[in-house]
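Engineer: Please find data.cif (mmCIF, C-alpha atoms) on the next line:
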```cif
data_data
loop_
_atom_site.label_atom_id
_atom_site.label_comp_id
_atom_site.auth_asym_id
_atom_site.auth_seq_id
_atom_site.Cartn_x
_atom_site.Cartn_y
_atom_site.Cartn_z
CA MET S 1 0.00 0.00 0.00
CA LYS S 2 1.57 3.25 -1.10
CA LEU S 3 1.19 6.30 1.09
CA PHE S 4 0.81 9.62 -0.65
CA TYR S 5 1.22 13.13 0.60
CA CYS S 6 -0.61 15.31 -1.91
CA ASP S 7 -0.85 18.96 -2.76
CA CYS S 8 -3.98 18.17 -4.68
CA LYS S 9 -6.46 19.83 -7.01
CA VAL S 10 -9.85 18.37 -7.74
CA TYR S 11 -10.39 18.16 -11.47
CA ASP S 12 -13.26 15.79 -11.27
CA ILE S 13 -15.56 14.55 -8.60
CA ILE S 14 -14.03 11.11 -8.65
CA ILE S 15 -10.41 11.54 -9.71
CA ILE S 16 -7.86 13.45 -7.61
CA GLU S 17 -4.77 14.60 -9.44
CA GLY S 18 -1.90 16.76 -8.53
CA ASP S 19 1.69 16.88 -7.36
CA CYS S 20 1.84 13.87 -5.12
CA MET S 21 4.92 12.90 -3.09
CA ASN S 22 5.31 9.39 -1.84
CA LEU S 23 5.11 9.37 1.96
CA GLU S 24 7.59 6.53 2.04
CA GLU S 25 10.12 8.78 0.34
CA LYS S 26 9.32 11.54 2.83
CA ASN S 27 9.79 9.14 5.75
CA GLU S 28 13.38 8.36 4.69
CA VAL S 29 14.40 11.83 5.84
CA LYS S 30 15.10 10.71 9.43
CA ALA S 31 16.89 12.17 12.38
CA TRP S 32 20.50 11.03 12.83
CA TYR S 33 19.65 8.97 15.90
CA ASP S 34 17.03 7.02 13.88
CA ASN S 35 19.37 6.24 11.02
CA PRO S 36 20.84 2.75 11.57
CA ARG S 37 23.71 3.26 9.16
CA PHE S 38 24.84 6.40 10.98
CA ILE S 39 24.57 4.66 14.36
CA THR S 40 26.69 1.72 13.17
CA ASN S 41 29.30 4.17 11.91
CA ILE S 42 29.40 5.87 15.31
CA VAL S 43 29.71 2.53 17.13
CA THR S 44 32.54 1.45 14.81
CA VAL S 45 34.42 4.69 15.46
CA LEU S 46 33.88 4.40 19.23
CA LEU S 47 35.11 0.80 19.31
CA PHE S 48 38.19 1.74 17.32
CA GLY S 49 38.82 4.60 19.71
CA ILE S 50 38.45 2.31 22.76
CA LEU S 51 40.91 -0.21 21.35
CA VAL S 52 43.54 2.36 20.40
CA TYR S 53 43.23 4.35 23.62
CA SER S 54 43.26 1.34 25.94
CA GLN S 55 46.35 -0.02 24.21
CA SER S 56 48.09 3.31 24.64
CA ILE S 57 47.33 3.10 28.38
CA SER S 58 48.61 -0.52 28.54
CA SER S 59 51.81 0.34 26.70
CA ARG S 60 52.62 2.91 29.41
CA SER S 61 52.56 0.15 32.06
CA ASN S 62 55.79 -1.35 30.63
CA LEU S 63 54.28 -4.72 29.67
CA VAL S 64 56.29 -6.71 27.15
CA GLY S 65 55.57 -9.64 24.83
CA TRP S 66 53.19 -12.30 26.09
CA ASP S 67 52.06 -10.18 29.06
CA LEU S 68 51.06 -7.37 26.70
CA PHE S 69 49.12 -9.82 24.50
CA ARG S 70 47.38 -11.22 27.58
CA ASN S 71 46.50 -7.72 28.68
CA ILE S 72 45.01 -7.01 25.24
CA MET S 73 42.93 -10.17 25.42
CA ASN S 74 41.68 -9.49 28.94
CA VAL S 75 40.66 -5.88 28.42
CA ASN S 76 39.68 -5.61 24.77
CA LEU S 77 38.50 -9.03 23.58
CA LEU S 78 34.83 -8.06 23.64
CA TYR S 79 35.41 -4.82 21.75
CA VAL S 80 37.52 -6.56 19.10
CA ILE S 81 34.80 -9.13 18.41
CA ILE S 82 32.03 -6.52 18.26
CA LEU S 83 34.12 -4.32 15.96
CA LEU S 84 34.54 -7.36 13.71
CA TYR S 85 30.74 -7.83 13.77
CA PHE S 86 30.03 -4.25 12.64
CA VAL S 87 32.62 -4.48 9.91
CA LEU S 88 31.26 -7.81 8.62
CA ILE S 89 27.62 -6.62 8.34
CA ARG S 90 28.74 -4.04 5.79
CA PHE S 91 29.71 -6.81 3.39
CA LYS S 92 27.68 -9.50 1.61
CA VAL S 93 29.01 -12.24 3.83
CA GLY S 94 27.88 -10.48 6.99
CA LYS S 95 24.47 -9.64 5.52
CA LYS S 96 23.93 -13.23 4.41
CA TYR S 97 24.87 -14.68 7.79
CA PHE S 98 23.38 -11.80 9.78
CA ASN S 99 21.30 -14.14 11.98
CA TYR S 100 24.31 -16.34 12.72
CA LEU S 101 26.39 -13.30 13.71
CA ASN S 102 23.58 -12.11 15.98
CA LEU S 103 23.38 -15.52 17.62
CA PHE S 104 27.15 -15.46 18.20
CA LEU S 105 26.82 -11.96 19.69
CA ILE S 106 24.11 -13.17 22.07
CA LEU S 107 26.28 -16.08 23.19
CA LEU S 108 29.24 -13.74 23.62
CA TYR S 109 27.26 -11.35 25.78
CA PHE S 110 25.91 -14.27 27.79
CA PHE S 111 29.47 -15.26 28.48
CA VAL S 112 30.50 -11.67 29.31
CA THR S 113 27.57 -11.41 31.74
CA MET S 114 28.59 -14.62 33.43
CA THR S 115 32.23 -13.55 33.75
CA SER S 116 31.30 -10.10 35.06
CA PHE S 117 29.15 -11.81 37.71
CA LEU S 118 32.16 -13.90 38.70
CA SER S 119 34.30 -10.74 38.76
CA ILE S 120 31.83 -9.11 41.16
CA ILE S 121 32.13 -12.10 43.48
CA SER S 122 35.93 -11.91 43.45
CA SER S 123 36.15 -8.14 43.91
CA PHE S 124 33.02 -6.07 44.46
CA ASN S 125 33.13 -2.68 42.81
CA ILE S 126 30.28 -0.29 41.99
CA VAL S 127 31.60 0.16 38.45
CA LEU S 128 31.80 -3.59 37.89
CA PHE S 129 28.29 -3.95 39.31
CA LEU S 130 26.91 -1.30 36.93
CA ARG S 131 28.64 -2.95 33.98
CA PHE S 132 27.16 -6.28 35.07
CA LEU S 133 23.67 -4.74 35.05
CA ILE S 134 24.27 -3.12 31.65
CA SER S 135 25.48 -6.43 30.19
CA ILE S 136 22.36 -8.23 31.53
CA ILE S 137 20.02 -5.64 30.01
CA LEU S 138 21.88 -5.70 26.70
CA LEU S 139 21.74 -9.50 26.68
CA LEU S 140 17.97 -9.49 27.25
CA GLN S 141 17.45 -6.78 24.64
CA MET S 142 19.52 -8.63 22.04
CA PHE S 143 17.87 -11.95 22.83
CA HIS S 144 14.36 -10.56 22.38
CA THR S 145 15.26 -8.53 19.29
CA PHE S 146 17.71 -10.52 17.20
CA LEU S 147 15.88 -13.82 17.55
CA ARG S 148 12.52 -12.26 16.66
CA GLY S 149 13.06 -12.36 12.94
CA THR S 150 14.23 -15.96 12.95
CA ILE S 151 12.63 -19.38 12.87
CA SER S 152 13.88 -20.09 16.39
CA TRP S 153 11.39 -17.52 17.72
CA LYS S 154 8.49 -19.68 16.64
CA GLU S 155 10.22 -22.98 17.26
CA PHE S 156 10.89 -22.27 20.93
CA ARG S 157 7.79 -20.04 21.33
CA LEU S 158 9.86 -17.19 22.67
CA GLU S 159 6.94 -14.76 22.43
CA ARG S 160 5.81 -16.25 25.74
CA SER S 161 8.91 -14.93 27.47
CA PRO S 162 8.04 -12.49 30.29
CA PHE S 163 10.81 -10.13 29.15
CA ASN S 164 9.12 -9.88 25.74
CA GLU S 165 6.54 -7.56 27.26
CA ILE S 166 9.20 -4.97 27.97
CA LYS S 167 9.32 -2.53 25.10
CA ALA S 168 12.50 -1.89 23.15
CA GLY S 169 12.41 1.74 24.21
CA SER S 170 12.46 0.72 27.87
CA TYR S 171 15.58 -1.36 27.36
CA PHE S 172 17.31 1.55 25.67
CA THR S 173 16.27 3.92 28.45
CA MET S 174 17.64 1.59 31.12
CA VAL S 175 20.97 1.22 29.32
CA PHE S 176 21.13 4.98 28.81
CA VAL S 177 20.54 5.70 32.50
CA LEU S 178 22.96 3.06 33.76
CA SER S 179 25.75 4.01 31.38
CA THR S 180 25.29 7.69 32.28
CA LEU S 181 25.54 6.74 35.94
CA ASP S 182 28.64 4.70 35.19
CA LEU S 183 30.19 7.69 33.43
CA VAL S 184 29.36 10.03 36.30
CA ILE S 185 30.88 7.69 38.92
CA ASN S 186 34.02 7.25 36.85
CA LEU S 187 34.31 11.00 36.33
CA ILE S 188 34.05 11.58 40.07
CA THR S 189 36.51 8.85 41.05
CA SER S 190 38.92 9.19 38.16
CA GLY S 191 42.50 10.18 38.90
CA GLU S 192 43.73 10.40 35.32
CA PHE S 193 42.57 12.17 32.18
CA SER S 194 43.07 9.01 30.12
CA GLY S 195 40.62 7.19 32.40
CA VAL S 196 38.02 9.90 31.82
CA VAL S 197 38.33 9.66 28.05
CA LEU S 198 38.17 5.87 28.04
CA THR S 199 35.11 5.71 30.30
CA LEU S 200 33.42 8.32 28.09
CA PHE S 201 34.05 6.14 25.02
CA ILE S 202 32.80 3.03 26.80
CA SER S 203 29.61 4.73 28.05
CA LEU S 204 28.87 6.12 24.58
CA TYR S 205 29.48 2.67 23.10
CA TYR S 206 26.87 1.11 25.44
CA ILE S 207 24.33 3.82 24.53
CA PHE S 208 24.79 3.62 20.77
CA PHE S 209 24.96 -0.16 20.71
CA SER S 210 21.66 -0.31 22.58
CA ARG S 211 20.29 2.26 20.11
CA TYR S 212 21.31 0.02 17.20
CA VAL S 213 19.42 -2.92 18.72
CA TYR S 214 16.43 -0.63 19.42
CA LEU S 215 16.33 0.52 15.78
CA TYR S 216 16.37 -3.09 14.57
CA SER S 217 13.48 -3.83 16.92
CA ASN S 218 11.55 -0.88 15.45
CA TYR S 219 12.26 -2.16 11.95
CA LEU S 220 10.89 -5.59 12.87
CA ASP S 221 7.78 -3.92 14.30
CA SER S 222 7.26 -2.02 11.04
CA ILE S 223 7.53 -5.23 9.03
CA ASP S 224 4.99 -6.96 11.25
CA LYS S 225 2.62 -4.03 10.89
CA ASP S 226 2.83 -4.02 7.12
CA LYS S 227 2.25 -7.76 7.00
CA ASP S 228 -0.90 -7.75 9.12
CA ASN S 229 -1.95 -4.24 8.17
CA LYS S 230 -3.04 -3.50 11.70
CA GLY S 231 -2.60 -0.25 13.47
CA ASN S 232 -1.28 1.40 10.38
CA PHE S 233 -4.54 2.31 8.65
CA ASP S 234 -5.65 4.86 11.21
CA GLU S 235 -2.29 6.60 11.09
CA VAL S 236 -2.40 6.64 7.31
CA ARG S 237 -5.93 7.98 7.27
CA GLU S 238 -5.05 10.70 9.76
CA LYS S 239 -2.00 11.68 7.75
CA ILE S 240 -4.02 11.90 4.55
CA VAL S 241 -6.71 13.99 6.22
CA VAL S 242 -4.16 16.30 7.80
CA ASN S 243 -2.27 16.69 4.56
CA ILE S 244 -5.38 17.40 2.54
CA ASN S 245 -6.59 19.93 5.09
CA GLU S 246 -3.20 21.63 5.12
CA SER S 247 -2.93 21.75 1.36
CA ILE S 248 -6.51 22.78 0.64
CA ASN S 249 -7.59 26.08 2.24
CA GLY S 250 -11.15 27.37 2.59
CA GLU S 251 -10.92 29.58 -0.48
CA LYS S 252 -9.81 26.75 -2.62
CA ILE S 253 -12.67 24.60 -1.44
CA ASP S 254 -15.18 27.29 -2.50
CA LYS S 255 -13.50 27.56 -5.87
CA ILE S 256 -13.57 23.85 -6.30
CA VAL S 257 -17.22 23.69 -5.32
CA ASP S 258 -18.11 26.51 -7.72
CA SER S 259 -16.22 24.93 -10.57
CA THR S 260 -17.91 21.60 -10.00
CA LYS S 261 -21.28 23.30 -9.83
CA ASP S 262 -20.60 25.04 -13.15
CA LYS S 263 -19.58 21.76 -14.69
CA ILE S 264 -22.72 20.08 -13.45
CA ASP S 265 -24.88 22.94 -14.76
CA ASP S 266 -23.18 22.78 -18.13
CA PHE S 267 -23.67 19.05 -18.26
CA VAL S 268 -27.34 19.38 -17.38
CA ASP S 269 -27.87 22.13 -19.96
CA ASN S 270 -26.16 20.12 -22.63
CA THR S 271 -28.20 17.05 -21.92
CA ARG S 272 -31.36 19.15 -21.84
CA ASP S 273 -30.55 20.65 -25.21
CA LYS S 274 -29.83 17.27 -26.60
CA LEU S 275 -33.08 15.91 -25.28
CA ASP S 276 -34.97 18.86 -26.73
CA ASP S 277 -33.35 18.26 -30.07
CA MET S 278 -34.20 14.62 -29.88
CA ILE S 279 -37.81 15.42 -29.00
CA ASP S 280 -38.07 17.88 -31.86
CA ASN S 281 -36.69 15.34 -34.27
CA MET S 282 -39.08 12.75 -33.01
CA ALA S 283 -42.02 15.16 -33.39
CA GLU S 284 -41.00 15.96 -36.94
CA LYS S 285 -40.75 12.33 -37.79
CA ILE S 286 -44.12 11.67 -36.24
CA GLU S 287 -45.64 14.49 -38.29
CA GLU S 288 -44.08 13.14 -41.40
CA THR S 289 -45.40 9.70 -40.66
CA GLU S 290 -48.83 11.14 -39.97
CA LYS S 291 -48.75 13.03 -43.25
CA THR S 292 -47.77 9.93 -45.10
CA GLU S 293 -50.65 8.12 -43.42
CA GLU S 294 -53.09 10.88 -44.52
CA VAL S 295 -51.79 10.70 -48.08
CA SER S 296 -52.17 7.01 -48.05
CA ASP S 297 -55.79 7.36 -46.78
CA GLU S 298 -56.61 9.78 -49.61
CA GLU S 299 -55.10 7.43 -52.11
CA VAL S 300 -57.18 4.61 -50.67
CA THR S 301 -60.40 6.65 -51.04
CA VAL S 302 -59.45 7.65 -54.56
CA VAL S 303 -58.77 4.06 -55.45
CA LYS S 304 -62.03 2.98 -53.90
CA LYS S 305 -63.90 5.61 -55.87
CA LYS S 306 -62.25 4.46 -59.05
CA LYS S 307 -63.21 0.90 -58.33
CA LYS S 308 -66.80 1.91 -57.75
CA LYS S 309 -66.85 3.79 -61.02
CA LYS S 310 -65.49 0.76 -62.77
CA LYS S 311 -68.13 -1.45 -61.29
CA LYS S 312 -70.91 0.93 -62.37
CA LYS S 313 -69.63 0.98 -65.88
CA THR S 314 -69.53 -2.77 -66.08
CA THR S 315 -73.05 -3.15 -64.74
CA ASP S 316 -74.40 -0.48 -67.08
CA ASN S 317 -72.74 -2.18 -70.04
CA GLY S 318 -74.10 -5.52 -69.00
CA GLY S 319 -77.67 -4.11 -68.60
CA GLU S 320 -77.85 -2.43 -72.04
CA GLU S 321 -76.91 -5.58 -73.78
CA MET Q 1 17.46 2.14 1.16
CA ASN Q 2 17.32 1.36 4.88
CA MET Q 3 20.27 -0.72 6.06
CA PHE Q 4 18.02 -3.31 7.64
CA GLU Q 5 15.93 -3.65 4.47
CA ASP Q 6 19.11 -4.39 2.55
CA ILE Q 7 20.09 -7.03 5.11
CA GLU Q 8 16.57 -8.50 5.18
CA LYS Q 9 16.72 -9.22 1.46
CA GLN Q 10 20.02 -11.08 1.68
CA LYS Q 11 20.02 -12.78 5.07
CA LYS Q 12 19.71 -16.50 5.59
CA ASP Q 13 17.52 -17.89 8.34
CA LEU Q 14 18.84 -20.06 11.17
CA PRO Q 15 18.42 -23.82 10.76
CA LYS Q 16 15.84 -25.68 12.81
CA ILE Q 17 17.17 -27.51 15.84
CA LYS Q 18 15.33 -30.66 14.75
CA SER Q 19 17.07 -30.69 11.38
CA LEU Q 20 20.43 -30.22 13.12
CA THR Q 21 19.81 -33.08 15.55
CA ASN Q 22 18.65 -35.30 12.70
CA GLU Q 23 21.86 -34.61 10.82
CA VAL Q 24 24.01 -35.28 13.88
CA GLN Q 25 22.17 -38.52 14.64
CA LYS Q 26 23.01 -39.81 11.18
CA TYR Q 27 26.64 -40.15 12.22
CA ASP Q 28 27.64 -43.05 14.51
CA LEU Q 29 30.57 -41.89 16.60
CA ASN Q 30 33.10 -44.46 17.80
CA ILE Q 31 34.72 -44.35 21.24
CA TYR Q 32 37.67 -42.19 20.16
CA GLN Q 33 35.43 -39.53 18.62
CA LYS Q 34 33.24 -39.49 21.70
CA PHE Q 35 36.33 -39.11 23.90
CA GLY Q 36 37.50 -36.19 21.72
CA ALA Q 37 34.12 -34.44 22.07
CA LEU Q 38 34.23 -35.02 25.84
CA ILE Q 39 37.72 -33.47 26.09
CA ILE Q 40 36.51 -30.33 24.28
CA PHE Q 41 33.50 -30.03 26.60
CA ILE Q 42 35.59 -30.50 29.75
CA SER Q 43 38.22 -27.99 28.58
CA ILE Q 44 35.49 -25.35 28.17
CA ILE Q 45 34.35 -25.81 31.76
CA ILE Q 46 37.88 -25.97 33.18
CA GLY Q 47 38.82 -22.81 31.24
CA ILE Q 48 35.95 -20.89 32.85
CA ILE Q 49 36.87 -22.17 36.33
CA LEU Q 50 40.56 -21.37 35.97
CA GLY Q 51 39.82 -17.95 34.47
CA ASN Q 52 37.84 -17.08 37.57
CA SER Q 53 40.20 -18.69 40.07
CA TYR Q 54 43.43 -17.15 38.76
CA ASN Q 55 41.92 -13.79 37.98
CA THR Q 56 44.14 -11.14 36.53
CA CYS Q 57 45.04 -7.77 37.96
CA THR Q 58 44.20 -5.17 35.32
CA PRO Q 59 45.50 -1.63 35.77
CA SER Q 60 42.73 0.63 37.01
CA ILE Q 61 41.83 3.37 34.59
CA THR Q 62 40.17 5.43 37.27
CA TYR Q 63 42.43 5.22 40.30
CA GLY Q 64 45.64 5.24 38.29
CA SER Q 65 47.79 2.54 36.76
CA GLU Q 66 49.44 1.73 40.10
CA ASN Q 67 46.20 0.28 41.45
CA CYS Q 68 44.62 -2.78 39.86
CA ILE Q 69 41.25 -4.44 39.72
CA SER Q 70 41.00 -8.23 39.76
CA GLN Q 71 38.97 -9.37 36.81
CA PHE Q 72 38.19 -12.56 34.98
CA ASP Q 73 41.25 -13.82 33.12
CA PHE Q 74 40.06 -14.25 29.54
CA SER Q 75 43.54 -15.03 28.24
CA LEU Q 76 44.00 -18.02 30.59
CA MET Q 77 40.54 -19.28 29.66
CA LEU Q 78 41.28 -18.99 25.93
CA GLU Q 79 44.61 -20.78 26.40
CA VAL Q 80 42.88 -23.70 28.14
CA TRP Q 81 40.18 -23.74 25.45
CA PHE Q 82 42.77 -23.77 22.69
CA VAL Q 83 44.75 -26.65 24.23
CA GLY Q 84 41.56 -28.62 24.97
CA THR Q 85 40.22 -28.08 21.44
CA MET Q 86 43.49 -29.23 19.87
CA MET Q 87 43.52 -32.41 22.00
CA GLY Q 88 39.85 -33.07 21.25
CA VAL Q 89 40.34 -32.62 17.51
CA LEU Q 90 43.36 -34.96 17.66
CA PHE Q 91 41.32 -37.74 19.27
CA PHE Q 92 38.40 -37.05 16.91
CA GLY Q 93 40.71 -37.41 13.89
CA LEU Q 94 42.16 -40.60 15.33
CA GLY Q 95 38.64 -41.97 15.70
CA HIS Q 96 37.82 -41.06 12.08
CA ILE Q 97 40.96 -42.92 10.91
CA VAL Q 98 39.85 -45.97 12.89
CA TYR Q 99 36.39 -45.72 11.28
CA LEU Q 100 37.86 -45.56 7.76
CA LEU Q 101 40.15 -48.53 8.46
CA ASN Q 102 37.21 -50.55 9.75
CA ASP Q 103 35.26 -49.63 6.59
CA ILE Q 104 38.15 -50.77 4.35
CA SER Q 105 38.58 -54.05 6.24
CA SER Q 106 34.86 -54.84 6.00
CA LYS Q 107 34.90 -54.19 2.23
CA LEU Q 108 38.01 -56.38 1.81
CA LYS Q 109 36.37 -59.24 3.71
CA LYS Q 110 33.43 -59.14 1.26
#
```
Could you write out this structure as structure tokens?

Structural biologist:
Amino acid sequence: MKLFYCDCKVYDIIIIEGDCMNLEEKNEVKAWYDNPRFITNIVTVLLFGILVYSQSISSRSNLVGWDLFRNIMNVNLLYVIILLYFVLIRFKVGKKYFNYLNLFLILLYFFVTMTSFLSIISSFNIVLFLRFLISIILLLQMFHTFLRGTISWKEFRLERSPFNEIKAGSYFTMVFVLSTLDLVINLITSGEFSGVVLTLFISLYYIFFSRYVYLYSNYLDSIDKDKDNKGNFDEVREKIVVNINESINGEKIDKIVDSTKDKIDDFVDNTRDKLDDMIDNMAEKIEETEKTEEVSDEEVTVVKKKKKKKKKKTTDNGGEE
Amino acid sequence: MNMFEDIEKQKKDLPKIKSLTNEVQKYDLNIYQKFGALIIFISIIIGIILGNSYNTCTPSITYGSENCISQFDFSLMLEVWFVGTMMGVLFFGLGHIVYLLNDISSKLKK
């Protein structure tokens, strides 16, 4: 179903013509935070920044060789894998195996959540606790978003999950609040400028990554709406009414009404004239037929008279003989 | 075009679990292959346990690099996983060789 936004003129009672712009085209002009491509670009840049900056901090701690590699693995493994994910989805391979990559991401975050829980047990820290909460919320959000478009959603009946009732916007809000809180705590407790920059990058990464998942959830909602055609018709009708009311002012309506009235009057007059002409023609034909009937009657009487005269002559001739 | 629309047109759906299990059940694993799979599974669990037990001391980015926070040791876990996977694959390959040799001997006997 195509949605049209029209600056319309009424040429006929039935047909509406004019300069119409496809609403779908108009809807592509989105804000930057609703554009998934822009969000993925931001996340990619943030991840790259986290990796480079954290390695610059590690290099200052005089680690060499295997210890440096181990430090890279411990601190940045998650960011490396997610950066790889966002790079792969730009290519055909990533797009083809998008569901598989999402499943791997869910498993990865499940593992990260588990390890952060174990880290809290070993050394409790408010920052670690906040990151544990953020990882749980991200895991739930990814689980209930990325698996929605797959066959596993129906196979395991995941729509019955209690966390499915939480809206995608709520997940994003929770991640936003927690990551902001994490940033504030780190800003207060931070003793180095490098720590401030790194925590800023990490907090922004959490927010934009959650936004990416939220946008995918919105996209899946839009697909479901178009398939069932529910909940969309009222919005479309309202948009059409609003657009028509905005485009057509009161003066224009009067002009349109007057023009249609004139057209109707012209049509009626024309048909009336035609009917009159037809009636006149019919009357003439009837008169002609009547005249022909009168002539024929006169001819009949004349013929009859002639016949009578003939009969008289024959009888007179027969009598004299 | 929306990025997700582009992906939607090209993406491949996940396979059903039933079809996966049916495919796996087609193969009869001998004792060596089962032992190899068991080694891989055990190495995964041991890696997680060791990663938590011998947790690393990462330099704190907030309190300064002199202080450290004990965190899960991913590198130790990955090392254990790597070694366990290599051993499991070795035993799995050995089992496959045994299977092929059994197949050849049965054909020769016919």

Engineer: Please provide the set of residues having any atom within 9 Å of segment 31-37 of chain Q, restricted to all atoms listed in the file, with same-chain residues fewer than 4 positions apart removed, written as a list of chain:residue names.

Structural biologist: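 Near neighbours after the sequence-gap exclusion: Q:Phe41, Q:Ile42, Q:Thr85, Q:Met87, Q:Gly88, Q:Val89, Q:Leu90, Q:Phe91, Q:Phe92, Q:Gly93, Q:Leu94, Q:Gly95, Q:His96, Q:Val98.
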
Engineer: Show me which bits of chain S are within 7 Å of chain Q, counting all atoms listed in the file, as a VMD selection string.

Structural biologist: chain S and resid 36 to 37 70 73 to 74 95 to 100 115 118 to 119 123 150 to 152 186 189 to 192 195

Engineer: In Å to one decimal, how far is atom CA of Leu138 of chain S from atom CA of Ser210 of chain S?

Structural biologist: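 Here the two named atoms are 6.8 Å from each other.
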
Engineer: Work out how far apart atom CA of Val87 of chain S and atom CA of Leu46 of chain S are and give it in Å to one decimal.

Structural biologist: 12.9 Å

Engineer: Can you measure atom CA of Val213 of chain S to atom CA of Phe172 of chain S for me? One decimal in Å is fine.

Structural biologist: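 Separation of atom CA of Val213 of chain S and atom CA of Phe172 of chain S: 8.5 Å.
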
Engineer: For segment 47-53 of chain Q, I'd like the enclosing box, axis-aligned and padded by 5 Å on every side, reported as AutoDock Vina command-line options with centre and edge lengths in Å to one decimal.

Structural biologist:
```
--center_x 38.3 --center_y -19.9 --center_z 35.7 --size_x 14.6 --size_y 15.7 --size_z 18.8
```
